[in-house]
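**Q** Pasting in a structure now, in structure tokens, and then I'll have a few things to ask.
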Amino acid sequence: MNEFVEKNVSLEKCPALVLNADYRPLSYYPLSLWSWQDAVKSVFLDRVVIVNNYDRQIRSPSFEMKLPSVIALKSYIAPQSKPSFTRFNVFLRDRFSCQYCGSGEELTFDHLLPRSKGGETNWGNVVTACSSCNVKKGGKLLKFSDMKLNQHPYQPSTEDLHKNGKHFPPNYLHKSWMDYLYWDVELES
Ligand SMILES: [Zn+2]
């Protein structure tokens with residue numbers, strides 16, 4: 001990206017990537033981004049360190065600074081050890097794909113042990129399923145359904161969800177963010 005272009009994009013399109021005090025993103029999906037106003041405010045409140053900048057200045061009568069593109073919290077926020085059981089988190093655990101056929105369309109949830117047979121709505125019994133697989137399985141037990149489950153449902157850790165979140169980057173990623181986003185994935189491969 002050349003500087004001329006960057007200097008001309010609107011400030012609203014210049015959010016800061018927010019890292020925890022360990023320099024890993026606070027969240028991968030959605031990616032932890034703060035508006036430029038919040039980023040600048042937190043710099044002044046001394047809550048963050050500036051890790052990298054955009055190639056553009058912001059000015060007021062009393063100060064001038066480069067717009068932060070990556071900031072890191074000064075105090076570490078411990079991630080929840082057990083992520084909440086929400087629709088979004090179940091989809092994220094299952095990488096937004098039907099656990100029977102792999103489709104990403106019309107996603108809904110299937111109770112492995114059907115509710116009609118006493119199946120509970122929790123991490124261990126709910127899987128992401130597309131609506132046609134959901135209908136196909138209906139109230140049957142898996143072993144009578146002629147369908148194969150990709151992965152047995154489980155309670156994910158925050159780490160598991162972060163790992164999956166990396167597969168869903170936003171459309172726009174600033175070059176200065178890259179070192180903090182996917183390097184550990186590359187090391188794994
Ligand atoms: Zn399906």
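Residue numbers start at 1 in each chain; chains themselves are named A, B, ... in the order of the structure tokens; ligands are numbered from 1 in the order shown.
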Could you give me, as CSV, a per-residue list for chain A showing, wherever an atom lies at most 9 Å from an atom of ligand 1, the closest pair of atoms and their distance in Å to one decimal, using only C-alpha atoms and all ligand atoms and sorting by chain then residue number from low to high?
**A**
```
residue,atom,partner,partner_atom_place_in_ligand_line,distance
A:Ser97,CA,ligand 1,1 (Zn),7.9
A:Cys98,CA,ligand 1,1 (Zn),4.7
A:Gln99,CA,ligand 1,1 (Zn),6.7
A:Tyr100,CA,ligand 1,1 (Zn),5.0
A:Cys101,CA,ligand 1,1 (Zn),4.1
A:Gly102,CA,ligand 1,1 (Zn),5.9
A:Ser103,CA,ligand 1,1 (Zn),5.3
A:Gly104,CA,ligand 1,1 (Zn),8.0
A:Glu105,CA,ligand 1,1 (Zn),8.2
A:Glu106,CA,ligand 1,1 (Zn),8.9
A:Leu107,CA,ligand 1,1 (Zn),8.1
A:Thr128,CA,ligand 1,1 (Zn),8.6
A:Ala129,CA,ligand 1,1 (Zn),5.3
A:Cys130,CA,ligand 1,1 (Zn),4.2
A:Ser131,CA,ligand 1,1 (Zn),6.8
A:Ser132,CA,ligand 1,1 (Zn),6.0
A:Cys133,CA,ligand 1,1 (Zn),4.3
A:Asn134,CA,ligand 1,1 (Zn),7.1
A:Lys136,CA,ligand 1,1 (Zn),9.0
```
**Q** Write out as a ChimeraX atom specification the residues lying within 9 Å of segment 18-30 of chain A, counting only C-alpha atoms and excluding same-chain residues fewer than 4 positions away.
**A** /A:34,39,48,69-79,92,161-170,180-181
**Q** What's the 9 Å shell around Val126 of chain A, counting only C-alpha atoms, without same-chain residues fewer than 3 positions away, as a list in words?
**A**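 In the requested format, the answer is Val90, Phe109, Asp110, His111, Leu112, Leu113, Gly119, Glu120, Thr121, Asn122, Trp123, Pro153 and Tyr154 of chain A.
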**Q** Include C-alpha atoms and write out the residues we just selected as a PDB file, in the first residue's frame.
**A**
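Okay, this is what ended up in part.pdb:
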```pdb
ATOM      1  CA  VAL A  90     -21.145 -23.227  18.725  1.00  0.00           C
ATOM      2  CA  PHE A 109     -28.333 -26.769  15.321  1.00  0.00           C
ATOM      3  CA  ASP A 110     -28.877 -30.449  15.789  1.00  0.00           C
ATOM      4  CA  HIS A 111     -29.222 -32.197  19.129  1.00  0.00           C
ATOM      5  CA  LEU A 112     -27.120 -35.342  18.876  1.00  0.00           C
ATOM      6  CA  LEU A 113     -29.364 -37.037  21.391  1.00  0.00           C
ATOM      7  CA  GLY A 119     -31.105 -34.653  24.978  1.00  0.00           C
ATOM      8  CA  GLU A 120     -29.890 -31.453  26.587  1.00  0.00           C
ATOM      9  CA  THR A 121     -28.954 -28.172  24.982  1.00  0.00           C
ATOM     10  CA  ASN A 122     -25.292 -27.914  25.890  1.00  0.00           C
ATOM     11  CA  TRP A 123     -21.794 -28.107  24.424  1.00  0.00           C
ATOM     12  CA  PRO A 153     -19.300 -32.065  20.154  1.00  0.00           C
ATOM     13  CA  TYR A 154     -17.198 -30.785  23.055  1.00  0.00           C
TER      14      TYR A 154
END
```
**Q** Counting only C-alpha atoms, which residue out of A:Trp177, A:Asp146, A:Val40, A:Arg47 sits closest to Met65 of chain A?
**A**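 Looking at the shortest contact to Met65 of chain A, the residue is A:Val40.
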**Q** Per DSSP on the backbone, filter segment 14-160 of chain A down to the residues in strand (DSSP E) and report them as JSON, numbers by chain.
**A** {"A": [16, 17, 18, 19, 33, 34, 48, 49, 50, 51, 52, 53, 54, 55, 56, 57, 58, 59, 64, 65, 66, 67, 68, 69, 70, 71, 72, 73, 107, 108, 109, 110, 111, 126, 127, 128, 129, 130]}
**Q** Taking into account only C-alpha atoms, which residue in the set A:Ser32, A:Ser84, A:Asn89, A:Gln151 is nearest to Leu173 of chain A?
**A**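 Of all the options, A:Ser32 lies closest to Leu173 of chain A.
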**Q** Please identify the alpha helix (DSSP H) residues within segment 63-123 of chain A (assignment by DSSP from backbone atoms) and present them as a PyMOL selection string.
**A** chain A and resi 87-93
**Q** I need the residue nearest His152 of chain A from this list: A:Leu11, A:Val135, A:Ala16, A:Val127. Use only C-alpha atoms for the distance.
**A** A:Val127
**Q** Between atom CA of Val9 of chain A and atom CA of Tyr182 of chain A, what is the distance, to one decimal in Å?
**A**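 One can read the atom CA of Val9 of chain A to atom CA of Tyr182 of chain A distance as 24.9 Å.
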**Q** Would you mind listing what lies within 12 Å of Cys14 of chain A as a PyMOL selection string, with only C-alpha atoms counted and same-chain residues fewer than 5 positions away left out?
**A** chain A and resi 6-9+33-40+53-58+66-70+172-177
**Q** For the atom pair atom CA of Pro156 of chain A and atom CA of Lys82 of chain A, what is the interatomic distance in Å to one decimal place?
**A** 7.1 Å
**Q** Please, what distance in Å, to one decimal, runs between atom CA of Lys148 of chain A and atom CA of Thr108 of chain A?
**A**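 Taking atom CA of Lys148 of chain A and atom CA of Thr108 of chain A, their separation equals 16.9 Å.
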